[in-house]
Amino acid sequence: MLNFNKITRLTEYLLGASALVGIFLFLQLYMNSELSDPDIWLHLKTGEYIMQNKTIPKLDMYSASTAGKTWIDHSPLTQVIFYWAFNSGGPDKLIYLSCVVILLAFLLLFFCIYKNKSTLSLCVIIFALSVFASRIRFNIRPENFSVLFFCIYLFILTRYKNKKFVFLLPLIQLAWVNCHGFFILGPVIIATFIIAEGLKRSKKLPWEWSDIYPINKNSYRNLIIIFLLSVLTSLANPNGIEGALYPLTIVLKTFGHPNAIHGLILELLPPWKLHLGQALPYYLLVFVSFVSFLFNFRKINFTYLLLWLALLAISFNINRNIIFFNCLACLVSADNFLRSNRQLPEKLTAHNLLLVIKYAALTAIILFSADYGWRMLNDRYYLFEENRLKSSLLGISNYYPDKATDFILKNKLPDNLFNTFNHGSYLIYRLYPTNHVFIDGRTELYDNETLKDYFRMLYTDASTIDNLLKQYKINTILLSGDLILTEDLTRHLDKSKDWALVYLNEDALIFVRRLKSNENLTRQLYVDLNKQEIKKADLKKIGFCKVIPNPHIRWARLFLILGAEQKAELQVKEALSILPNSGEANAILGKIYLRKDTPEQAYQYLRLASIYAPDNILTLDALSDYYLRINDKKNAEKVFKKITQVHPKYAQGYYLLGLFYLNSGNLDRAIKYLGRATKLAPYSTKYSNKLKEVIAQINDL
């Protein structure tokens with residue numbers, strides 16, 4: 001018969017193995033998500049250019065605002081690989097390729113920490129935390145190759161640093177330097193091993209630190225040679241020494257002089273500015289890895305400590321770096337806990353308690369992976385034009401303005417295009433060389449003044465916008481993505497005699513400058529809102545499944561922005577016929593009735609919006625307007641405050657709260673919140689002018 005200890009060991013092993021399978025299934029499904037990354041298209045287009053022209057571009061050719069400027073393309077090899085996959089097998093092959101790269105990277109990471117069957121459960125728990133903490137970086141991008149090469153470095157340097165196998169590292173560095181700009185991490189890792197070993201040899205480190213994982217004399221000399229070879233191979237890139245120094249240039253720019261758009265890009269924000277749900281696994285891993293050092297403080301691996309501190313610093317500054325810290329923290333935590341494993345029963349008063357914690361953690365990993373997998377496999381959204389449900393796995397997202405780009409190409413709209421930041425890469429892929437964008441995701445390429453002008457064209461006063469559009473010789477404007485971002489510019493262009501609306505759809509609006517050379521074009525394509533039909537819902541084709549009417553809601557919002565309130569009302573009612581409990585649709589309808597000065601009718605829909613989407617910005621905006629209409633200042637103030645709490649990056653919320661206090665006679669609070677609005681949107685003259693007005697009012701008093 002099996003004794004109790006054998007049963008518990010077998011149970012622990014089976015739970016660990018099941019959890020490990022669950023983690024890799026989670027990874028696979030996450031990486032099989034549909035193509036939705038905003039920057040992937042630039043890489044595909046550049047890969048196509050390299051394949052067709054047999055040369056790597058060194059000057060910018062995609063953007064009208066930076067044409068001819070030096071551009072260091074730091075991912076040419078990845079771009080060629082991505083283009084080959086996409087061109088030969090479509091988006092699914094590209095998705096599978098990226099999935100394999102990430103799976104291989106984390107498989108190597110797991111083998112860095114796994115020792116034997118008895119350590120499986122602990123290794124799996126730490127590994128799971130590392131994977132879950134890295135999920136915000138899982139996407140289809142050249143960075144995936146950096147993650148793979150980083151894990152290869154860790155695998156070789158932890159398993160084979162005393163063997164000749166380490167001489168593969170310069171060859172890996174040669175590939176890395178042509179795949180992604182994070183290649184600098186390779187020499188940094190080797191240098192850290194060399195520095196740590198040198199200190200262990202020359203200095204008396206605390207406790208037993210000098211004796212942990214020593215490197216023999218020959219291996220130490222080999223590491224120095226490999227470091228020098230890795231530095232030399234880093235020069236083997238299309239831009240030579242300039243390309244090798246490129247990562248350092250970007251780091252200095254980021255830390256010293258961040259550009260105007262730096263604080264608005266999600267991946268460039270520090271983790272502590274992210275939503276707690278996104279950053280929590282990272283914080284847990286930081287805590288666990290820190291505790292592991294305390295737990296094993298007498299026998300710390302000094303090399304790991306130096307790497308941990310360095311990667312913690314860069315990950316805490318920019319969240320795009322956290323995946324590298326997570327991989328190292330996984331290695332560090334496992335190493336510290338496993339080397340002190342024999343002391344665990346003495347340090348914890350009850351061995352059974354440790355066993356229960358392991359069982360609970362492994363079970364939680366299994367349940368989470370199973371739940372996530374089930375939800376991903378069943379996650380679908382409705383494509384109204386095709387009358388079918390689409391899985392959120394594989395394929396291309398409907399996030400991109402594909403119909404708008406078709407329209408530009410078909411009608412040969414004039415060059416020099418103004419566009420929103422997030423879709424610049426997609427427009428490059430679809431429109432180059434016929435049309436050139438104003439901006440795209442290569443933030444390091446654009447000087448600060450150009451980036452500031454981008455925001456000025458979105459937010460400033462009419463005369464400044466017109467002057468900038470003339471300065472950059474903009475002839476076509478494509479506004480896509482977030483309607484809140486483009487709302488002010490849309491209204492200005494619609495009222496301007498210099499611009500004609502030639503395209504209106506849920507994916508974008510397109511305006512063309514009224515010039516003599518464009519006269520026939522603007523006359524033939526001009527969109528007459530009075531003749532614009534609303535988007536109907538075919539409920540029979542939709543059937544009995546729950547469908548989110550996003551296109552109908554977006555149409556309603558567009559009509560409302562353009563002043564066509566009657567059409568907006570009809571359109572939003574179509575949305576409600578599809579999904580009566582749509583919070584957004586009810587909020588829009590409430591807003592329309594407020595504009596009609598019928599607050600009683602507005603209340604009916606705002607009540608529903610507050611039930612179904614209480615934190616939605618449209619709901620809160622309309623609700624605050626409602627309370628002001630009925631002179632309920634107490635509740636209006638509560639809603640304004642809620643906007644700033646739930647949406648702390650929404651400048652308009654602080655502006656509205658500032659106006660509320662201004663109208664209430666509380667000038668100090670008015671300045672406080674108008675100041676916050678101005679800080680969040682420094683290029684909005686609406687906010688800054690109002691702030692100056694209030695300050696002047698106080699000075700007069």
# chains A, B, ... in the order shown; residues from 1 in each chain; ligands from 1
>>> residues_around(residues="region 159-162 of chain A", least_positions_apart="4", cutoff="9 Å", atoms="only C-alpha atoms", output="PDB file with C-alpha atoms, in the first residue's frame")
ATOM      1  CA  CYS A 112      16.287  27.312 -16.203  1.00  0.00           C
ATOM      2  CA  LEU A 154      19.673  32.984 -19.092  1.00  0.00           C
ATOM      3  CA  PHE A 155      19.471  29.292 -19.997  1.00  0.00           C
ATOM      4  CA  VAL A 166      28.720  29.624 -23.923  1.00  0.00           C
ATOM      5  CA  ILE A 215      33.194  30.285 -11.934  1.00  0.00           C
ATOM      6  CA  ASN A 216      36.559  28.669 -12.545  1.00  0.00           C
ATOM      7  CA  ASN A 218      39.097  29.376 -17.528  1.00  0.00           C
ATOM      8  CA  SER A 219      35.357  30.000 -17.602  1.00  0.00           C
ATOM      9  CA  TYR A 220      35.865  33.509 -16.236  1.00  0.00           C
ATOM     10  CA  ASN A 222      35.915  32.747 -21.540  1.00  0.00           C
ATOM     11  CA  LEU A 223      33.152  35.057 -20.294  1.00  0.00           C
TER      12      LEU A 223
END
>>> residues_around(residues="region 227-235 of chain A", least_positions_apart="3", cutoff="10 Å", atoms="only C-alpha atoms", output="compact mmCIF listing (two decimals) with N, CA, C and O atoms, in the first residue's frame")
# COMPACT_ATOMS: atom_id res chain seq x y z
N PHE A 167 30.06 29.73 -25.96
CA PHE A 167 30.56 30.40 -27.16
C PHE A 167 29.49 30.53 -28.26
O PHE A 167 29.75 31.12 -29.31
N LEU A 169 26.87 32.25 -27.59
CA LEU A 169 26.26 33.54 -27.29
C LEU A 169 26.59 34.64 -28.31
O LEU A 169 25.70 35.41 -28.69
N PRO A 170 27.82 34.77 -28.80
CA PRO A 170 28.07 35.79 -29.83
C PRO A 170 27.25 35.57 -31.10
O PRO A 170 26.83 36.54 -31.75
N LEU A 171 27.02 34.30 -31.47
CA LEU A 171 26.18 34.02 -32.64
C LEU A 171 24.74 34.44 -32.38
O LEU A 171 24.06 34.98 -33.27
N ILE A 172 24.28 34.17 -31.15
CA ILE A 172 22.93 34.59 -30.78
C ILE A 172 22.84 36.11 -30.78
O ILE A 172 21.85 36.70 -31.23
N GLN A 173 23.90 36.76 -30.31
CA GLN A 173 23.93 38.22 -30.29
C GLN A 173 23.87 38.78 -31.71
O GLN A 173 23.24 39.82 -31.95
N LEU A 174 24.50 38.12 -32.65
CA LEU A 174 24.49 38.55 -34.04
C LEU A 174 23.06 38.56 -34.59
O LEU A 174 22.66 39.48 -35.32
N ALA A 175 22.29 37.54 -34.24
CA ALA A 175 20.88 37.50 -34.67
C ALA A 175 20.07 38.55 -33.92
O ALA A 175 19.25 39.27 -34.52
N TRP A 176 20.34 38.67 -32.62
CA TRP A 176 19.56 39.58 -31.77
C TRP A 176 19.70 41.03 -32.23
O TRP A 176 18.71 41.77 -32.29
N VAL A 177 20.92 41.45 -32.56
CA VAL A 177 21.15 42.85 -32.91
C VAL A 177 20.39 43.24 -34.18
O VAL A 177 20.12 44.43 -34.41
N ASN A 178 20.02 42.27 -35.00
CA ASN A 178 19.27 42.56 -36.23
C ASN A 178 17.78 42.25 -36.09
O ASN A 178 17.04 42.40 -37.06
N PHE A 183 18.70 44.31 -27.94
CA PHE A 183 19.88 43.45 -28.00
C PHE A 183 20.93 43.85 -26.98
O PHE A 183 21.79 43.05 -26.60
N ILE A 184 20.86 45.09 -26.49
CA ILE A 184 21.83 45.57 -25.51
C ILE A 184 21.80 44.74 -24.23
O ILE A 184 22.79 44.67 -23.49
N GLY A 186 21.89 41.59 -23.95
CA GLY A 186 22.83 40.47 -24.03
C GLY A 186 24.17 40.80 -23.40
O GLY A 186 24.60 40.15 -22.43
N PRO A 187 24.89 41.81 -23.92
CA PRO A 187 26.17 42.18 -23.30
C PRO A 187 26.03 42.62 -21.85
O PRO A 187 26.93 42.39 -21.04
N VAL A 188 24.90 43.22 -21.50
CA VAL A 188 24.68 43.65 -20.11
C VAL A 188 24.64 42.45 -19.18
O VAL A 188 25.24 42.47 -18.08
N ILE A 189 23.96 41.38 -19.59
CA ILE A 189 23.90 40.17 -18.76
C ILE A 189 25.29 39.58 -18.57
O ILE A 189 25.69 39.25 -17.45
N ILE A 190 26.04 39.45 -19.66
CA ILE A 190 27.39 38.88 -19.57
C ILE A 190 28.28 39.77 -18.70
O ILE A 190 29.03 39.28 -17.84
N ALA A 191 28.19 41.09 -18.90
CA ALA A 191 29.00 42.02 -18.11
C ALA A 191 28.68 41.90 -16.62
O ALA A 191 29.59 41.98 -15.78
N PHE A 193 27.63 39.19 -15.05
CA PHE A 193 28.28 37.96 -14.57
C PHE A 193 29.77 38.21 -14.32
O PHE A 193 30.33 37.75 -13.31
N ILE A 194 30.42 38.94 -15.23
CA ILE A 194 31.86 39.22 -15.10
C ILE A 194 32.13 40.11 -13.89
O ILE A 194 33.04 39.84 -13.08
N ARG A 221 37.68 33.67 -17.85
CA ARG A 221 38.36 34.23 -19.02
C ARG A 221 37.49 34.09 -20.26
O ARG A 221 37.41 35.02 -21.09
N ASN A 222 36.81 32.95 -20.39
CA ASN A 222 35.91 32.75 -21.54
C ASN A 222 34.78 33.76 -21.56
O ASN A 222 34.39 34.26 -22.62
N LEU A 223 34.23 34.07 -20.37
CA LEU A 223 33.15 35.06 -20.29
C LEU A 223 33.62 36.42 -20.77
O LEU A 223 32.87 37.14 -21.46
N ILE A 224 34.82 36.79 -20.43
CA ILE A 224 35.36 38.08 -20.88
C ILE A 224 35.50 38.09 -22.41
O ILE A 224 35.15 39.08 -23.08
N PRO A 238 22.92 46.97 -39.87
CA PRO A 238 22.93 47.86 -41.04
C PRO A 238 23.44 49.27 -40.76
O PRO A 238 23.88 49.96 -41.68
N ASN A 239 23.41 49.70 -39.47
CA ASN A 239 23.81 51.06 -39.15
C ASN A 239 25.12 51.13 -38.37
O ASN A 239 25.48 52.19 -37.86
N GLY A 240 25.82 49.99 -38.28
CA GLY A 240 27.14 49.98 -37.66
C GLY A 240 27.14 50.46 -36.23
O GLY A 240 26.27 50.11 -35.43
N ILE A 241 28.10 51.32 -35.89
CA ILE A 241 28.24 51.78 -34.51
C ILE A 241 27.04 52.62 -34.07
O ILE A 241 26.63 52.60 -32.91
N GLU A 242 26.46 53.34 -35.03
CA GLU A 242 25.28 54.14 -34.70
C GLU A 242 24.11 53.24 -34.30
O GLU A 242 23.37 53.54 -33.36
N GLY A 243 23.97 52.12 -35.00
CA GLY A 243 22.93 51.16 -34.66
C GLY A 243 23.20 50.47 -33.34
O GLY A 243 22.29 50.20 -32.56
N ALA A 244 24.51 50.19 -33.06
CA ALA A 244 24.88 49.54 -31.80
C ALA A 244 24.61 50.45 -30.60
O ALA A 244 24.26 49.99 -29.52
N LEU A 245 24.79 51.76 -30.81
CA LEU A 245 24.56 52.72 -29.72
C LEU A 245 23.12 53.19 -29.63
O LEU A 245 22.76 53.92 -28.70
>>> atom_distance(atom1="CA of Leu15 (chain A)", atom2="CA of Leu362 (chain A)")
6.1 Å
>>> residues_around(residues="Cys179 (chain A)", least_positions_apart="4", cutoff="10 Å", atoms="only C-alpha atoms", output="list in words")
Asp73, His74, Ser75, Pro76, Leu77, Thr78, Gln79, Val80, Ile81, Pro142, Glu143, Asn144, Phe145, Ser146, Phe149, Gln173, Leu174, Ala175, Phe183 and Asn237 of chain A
>>> atom_distance(atom1="CA of Ser391 (chain A)", atom2="CA of Cys545 (chain A)")
14.0 Å
>>> select_by_dssp(residues="region 509-604 of chain A", states="alpha helix (DSSP H)", output="JSON, numbers by chain")
{"A": [519, 520, 521, 522, 523, 524, 525, 539, 540, 541, 542, 550, 551, 552, 553, 554, 555, 556, 557, 558, 559, 560, 561, 565, 566, 567, 568, 569, 570, 571, 572, 573, 574, 575, 576, 577, 578, 583, 584, 585, 586, 587, 588, 589, 590, 591, 592, 593, 594, 595, 599, 600, 601, 602, 603, 604]}
>>> residues_around(residues="Gln471 (chain A)", least_positions_apart="5", cutoff="12 Å", atoms="only C-alpha atoms", output="MDAnalysis selection string")
chainID A and resid 64:65 416 450 453 457 464:466
>>> closest_residue(among="A:Ala651, A:Ser134, A:Tyr283, A:Phe660", to="Leu680 (chain A)", atoms="only C-alpha atoms")
A:Ala651
>>> closest_residue(among="A:Glu444, A:Lys473, A:Tyr213, A:Pro57", to="Thr249 (chain A)", atoms="only C-alpha atoms")
A:Glu444
>>> residues_around(residues="Lys495 (chain A)", least_positions_apart="6", cutoff="12 Å", atoms="only C-alpha atoms", output="PyMOL selection string")
chain A and resi 462+488-489+501+511+561-563
>>> closest_residue(among="A:Leu355, A:Ala696, A:Leu608, A:Leu659", to="Glu12 (chain A)", atoms="only C-alpha atoms")
A:Leu355
>>> atom_distance(atom1="CA of Ala128 (chain A)", atom2="CA of Asn116 (chain A)")
17.4 Å
>>> residues_around(residues="region 423-425 of chain A", least_positions_apart="5", cutoff="12 Å", atoms="only C-alpha atoms", output="PyMOL selection string")
chain A and resi 36-46+62-64+399-402+404-405+417-418+430-432+435-443+478-482+507-508
>>> closest_residue(among="A:Phe407, A:Phe337, A:Phe132, A:Asn581", to="Leu284 (chain A)", atoms="only C-alpha atoms")
A:Phe132
>>> residues_around(residues="Leu525 (chain A)", least_positions_apart="2", cutoff="10 Å", atoms="only C-alpha atoms", output="ChimeraX atom specification")
/A:411,500-503,512,520-523,527-528
>>> select_by_dssp(residues="region 384-616 of chain A", states="strand (DSSP E or B)", output="list of chain:residue names")
A:Arg388, A:Leu389, A:Lys390, A:Ser391, A:Leu393, A:Ile396, A:Leu417, A:Phe418, A:Asn419, A:Val437, A:Thr476, A:Ile477, A:Leu478, A:Leu479, A:Ser480, A:Trp499, A:Ala500, A:Leu501, A:Val502, A:Tyr503, A:Leu504, A:Asn505, A:Ala508, A:Leu509, A:Ile510, A:Phe511, A:Val512, A:Arg513
>>> closest_residue(among="A:Leu276, A:Leu312, A:Leu579, A:Leu305", to="Ile212 (chain A)", atoms="only C-alpha atoms")
A:Leu305
>>> closest_residue(among="A:Ala568, A:Thr685, A:Pro549, A:Val694", to="Ser463 (chain A)", atoms="only C-alpha atoms")
A:Thr685
